[in-house]
Structures are given as structure tokens and as C-alpha cells.
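> Please find one structure pasted underneath; my questions will follow.
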Amino acid sequence: MKEYLDLKKEIWHYAQKIYALGWVSGSSGNISIRLKGEDKFLITPSGIPYELLKPEQMVVVDKNGNPLPGSEHKPSVETILHLKVYEARDDVNAIIHTHSIYSSVLAVLRKPLPPILEELAIYTGGTIEVAEYAPSGSKELADNVVKALKNKSAVFLANHGNLCVGKDLLEAFNICALIERCSQIYLEALKVGEIHPIPHKHLQKALSIYEKKHLG
């Protein structure tokens with residue numbers, strides 16, 4: 001299916017980046033984008049290892065997650081999760097879900113990531129919450145993620161990994177990188193001593209920057 005080949009190549013590009021960074025392995029994790037004005041979405045296929053993944057294997061689905069005629073592969077098992085986020089968030093046009101190490105540690109601990117750095121507040125909207133556990137690919141997981149994500153740019157999935165959103169794939173990727181780095185900083189800081197929060201008035205100023213950008 002040659003339609004949308006440029007967009008498929010873009011998803012493939014970021015799929016290779018998250019694989020090279022060690023944020024995923026095998027065929028874990030997934031990436032999608034909203035096809036603006038078409039009520040359709042492009043998402044990575046199910047069960048194909050990143051080493052073998054090709055741009056043309058990306059799957060076009062409708063708003064119910066059904067592959068469009070001509071698609072040769074099954075969409076990711078997490079398609080419902082992506083679609084539920086898109087449905088809840090008009091500002092989101094791209095989603096990247098990874099199993100990166102430090103994010104996954106917090107997900108296993110079921111420990112939220114507080115805005116320990118100003119940039120975390122500015123680019124994600126505050127504390128990154130942990131969505132309640134539910135099996136992969138389930139509607140329950142999708143609902144839990146939407147509930148925990150709210151209007152922020154990232155969320156942890158309990159005992160699973162993270163999910164990052166953006167206006168495009170570059171923004172979603174950069175959020176993933178920020179979340180993973182801040183998760184590592186947070187976990188390392190906890191080993192050494194007490195976490196000192198950003199003073200309230202300065203934190204509120206940083207959060208207001210995010211709100212103006214994302215919430216109008």
C-alpha cells in the first residue's frame with residue numbers, strides 16, 4: 001500500500017531511533033500519527049521486530065481501529081490505546097509508547113515522577129502519573145491511560161512503560177527523551193538524599209507556560 005508512504009517513512013524513522021536508543025526491543029512499543037482531516041491513523045504493525053521493519057508495513061486504520069483495505073499487516077495490539085488518546089485529546093497528533101529502562105522502573109514501582117526540573121514542568125505539564133494496571137491491548141488499559149494522562153504530555157503505564165504525546169512525532173520523541181532522562185535523574189537523586197522541590201511560585205510559572213501552549 002503506497003499511499004501515505006512519506007508519513008510511513010517518518011514513523012519508521014522514529015521507530016528506528018527508539019530501537020537504537022534501547023527504549024524498545026523485539027517488536028515492543030509502538031508509534032502512531034493522526035492523519036489530519038481524514039479520521040484515519042497510521043500505526044506500527046503488530047509482531048514485526050524493529051530490525052525487519054519497513055516503512056510500507058505501517059498500517060492505516062479507521063477511528064475504530066479497523067485496517068483499511070490494502071493493509072497487509074495487523075495493526076499494533078495497542079491500537080485501541082492510541083485511538084482513545086486521540087479521541088480525548090484534539091491537540092495530540094502523534095504518540096510514542098516505549099519500554100525505556102528508567103521510565104519502566106518508575107512504572108514497576110508505580111511511582112509518579114514529580115516536576116523536579118523546570119523543563120519537565122514546562123514541556124509535560126507537571127507530575128507524570130502512573131495509570132492503573134490493566135492488560136496490554138485492553139480497553140481498560142486505554143481508559144486508565146486517558147484518565148491518568150489528562151492534559152499532560154506523558155504518562156507511565158503500571159508495570160509496562162511510558163506513553164508520550166505531541167503535536168507531531170518530533171515533539172512526542174523529545175518528550176520521551178525528557179521523561180527518560182528525568183526518570184534517571186530522579187531515581188539517582190533518591191539514592192543520595194532528599195528531593196528538594198522547585199519553589200511553588202516558580203513551579204506555577206513553569207506550569208503556566210505549558211498551559212498557555214497546550215490549553216490556550
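Each chain of the C-alpha cells is named A, B, ... in the order shown, its residues numbered from 1; ligands are numbered from 1 in display order.
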Among stretch 20-214 of chain A, which residues carry a DSSP assignment of strand (DSSP E or B), reported as a VMD selection string?
chain A and resid 30 to 35 40 to 43 45 59 to 62 67 75 94 to 98 113 128 130 to 131 154 to 157 161 to 166
> Please list as a ChimeraX atom specification every residue within 7 Å of A:Ala121, counting only C-alpha atoms and excluding residues in the same chain fewer than 4 positions away.
/A:115,117,125-126,206-207
> With only C-alpha atoms as the basis for distance, which of A:Gly137, A:Gly26, A:Val130, A:Tyr123 is at the shortest distance from A:Glu78?
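Closest candidate: A:Gly137.
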> Using DSSP on the backbone, list every residue of stretch 16-54 of chain A that comes out as alpha helix (DSSP H), and give them as a short mmCIF file (atom, residue, chain, number, x, y, z; two decimals) with C-alpha atoms, in the first residue's frame.

```cif
data_model
loop_
_atom_site.label_atom_id
_atom_site.label_comp_id
_atom_site.auth_asym_id
_atom_site.auth_seq_id
_atom_site.Cartn_x
_atom_site.Cartn_y
_atom_site.Cartn_z
CA GLN A 16 14.49 3.04 14.35
CA LYS A 17 15.54 5.85 16.69
CA ILE A 18 13.75 4.42 19.73
CA TYR A 19 15.17 0.98 18.91
CA ALA A 20 18.72 2.32 18.56
#
```
> Which residues come within 9 Å of A:Gln184, counting only C-alpha atoms, excluding same-chain residues fewer than 4 positions away, as number ranges by chain?
A: 101-103, 179-180, 188-189
> Store the residues of this selection in a file with N, CA and C atoms, as a PDB file, in the first residue's frame.

```
ATOM      1  N   ILE A 101      14.163   2.033  30.007  1.00  0.00           N
ATOM      2  CA  ILE A 101      14.553   1.449  31.299  1.00  0.00           C
ATOM      3  C   ILE A 101      14.071   2.253  32.508  1.00  0.00           C
ATOM      4  N   TYR A 102      14.465   3.513  32.611  1.00  0.00           N
ATOM      5  CA  TYR A 102      14.174   4.274  33.828  1.00  0.00           C
ATOM      6  C   TYR A 102      12.690   4.599  33.959  1.00  0.00           C
ATOM      7  N   SER A 103      12.038   4.848  32.840  1.00  0.00           N
ATOM      8  CA  SER A 103      10.584   5.033  32.876  1.00  0.00           C
ATOM      9  C   SER A 103       9.908   3.756  33.358  1.00  0.00           C
ATOM     10  N   ILE A 179      11.430  12.563  29.469  1.00  0.00           N
ATOM     11  CA  ILE A 179      10.893  11.719  30.538  1.00  0.00           C
ATOM     12  C   ILE A 179      11.916  10.678  30.983  1.00  0.00           C
ATOM     13  N   GLU A 180      12.586  10.064  30.027  1.00  0.00           N
ATOM     14  CA  GLU A 180      13.574   9.042  30.373  1.00  0.00           C
ATOM     15  C   GLU A 180      14.749   9.655  31.136  1.00  0.00           C
ATOM     16  N   GLU A 188      18.320   8.395  40.575  1.00  0.00           N
ATOM     17  CA  GLU A 188      19.674   8.557  41.106  1.00  0.00           C
ATOM     18  C   GLU A 188      19.677   9.491  42.312  1.00  0.00           C
ATOM     19  N   ALA A 189      18.880  10.561  42.243  1.00  0.00           N
ATOM     20  CA  ALA A 189      18.811  11.506  43.364  1.00  0.00           C
ATOM     21  C   ALA A 189      18.237  10.847  44.615  1.00  0.00           C
TER      22      ALA A 189
END
```
> Using only C-alpha atoms, which residues sit within 12 Å of A:Leu68 once same-chain residues fewer than 3 positions away are excluded, as a CSV table (one decimal) with C-alpha atoms, in the first residue's frame?

```
chain,number,residue,atom,x,y,z
A,1,MET,CA,0.0,0.0,0.0
A,3,GLU,CA,-0.5,5.6,0.0
A,39,ASP,CA,-10.4,10.5,10.6
A,40,LYS,CA,-7.7,7.9,10.0
A,41,PHE,CA,-4.5,7.0,11.7
A,42,LEU,CA,-1.1,5.4,10.9
A,43,ILE,CA,0.3,3.0,13.4
A,58,MET,CA,2.8,0.7,8.7
A,59,VAL,CA,-0.9,0.2,8.9
A,60,VAL,CA,-3.7,2.7,8.2
A,61,VAL,CA,-6.7,2.2,10.5
A,62,ASP,CA,-10.0,4.0,10.8
A,63,LYS,CA,-11.3,5.5,14.1
A,64,ASN,CA,-12.5,2.1,15.3
A,65,GLY,CA,-9.1,0.5,14.7
A,71,SER,CA,-3.2,-3.1,4.5
A,72,GLU,CA,-1.1,-6.3,4.6
A,73,HIS,CA,-0.4,-6.4,8.3
A,74,LYS,CA,-2.2,-6.3,11.6
A,75,PRO,CA,-2.0,-3.0,13.5
```
> Env of A:Thr98: 8 Å cut, atoms = only C-alpha atoms, seq-sep filter 2 positions within chain, self excluded. Answer as a list of chain:residue names.
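The contact residues come out as A:Ile18, A:Trp23, A:Val24, A:Ser28, A:Gly29, A:Asn30, A:Ile96, A:Ser100, A:Gly161, A:Asn162, A:Leu163, A:Cys176.
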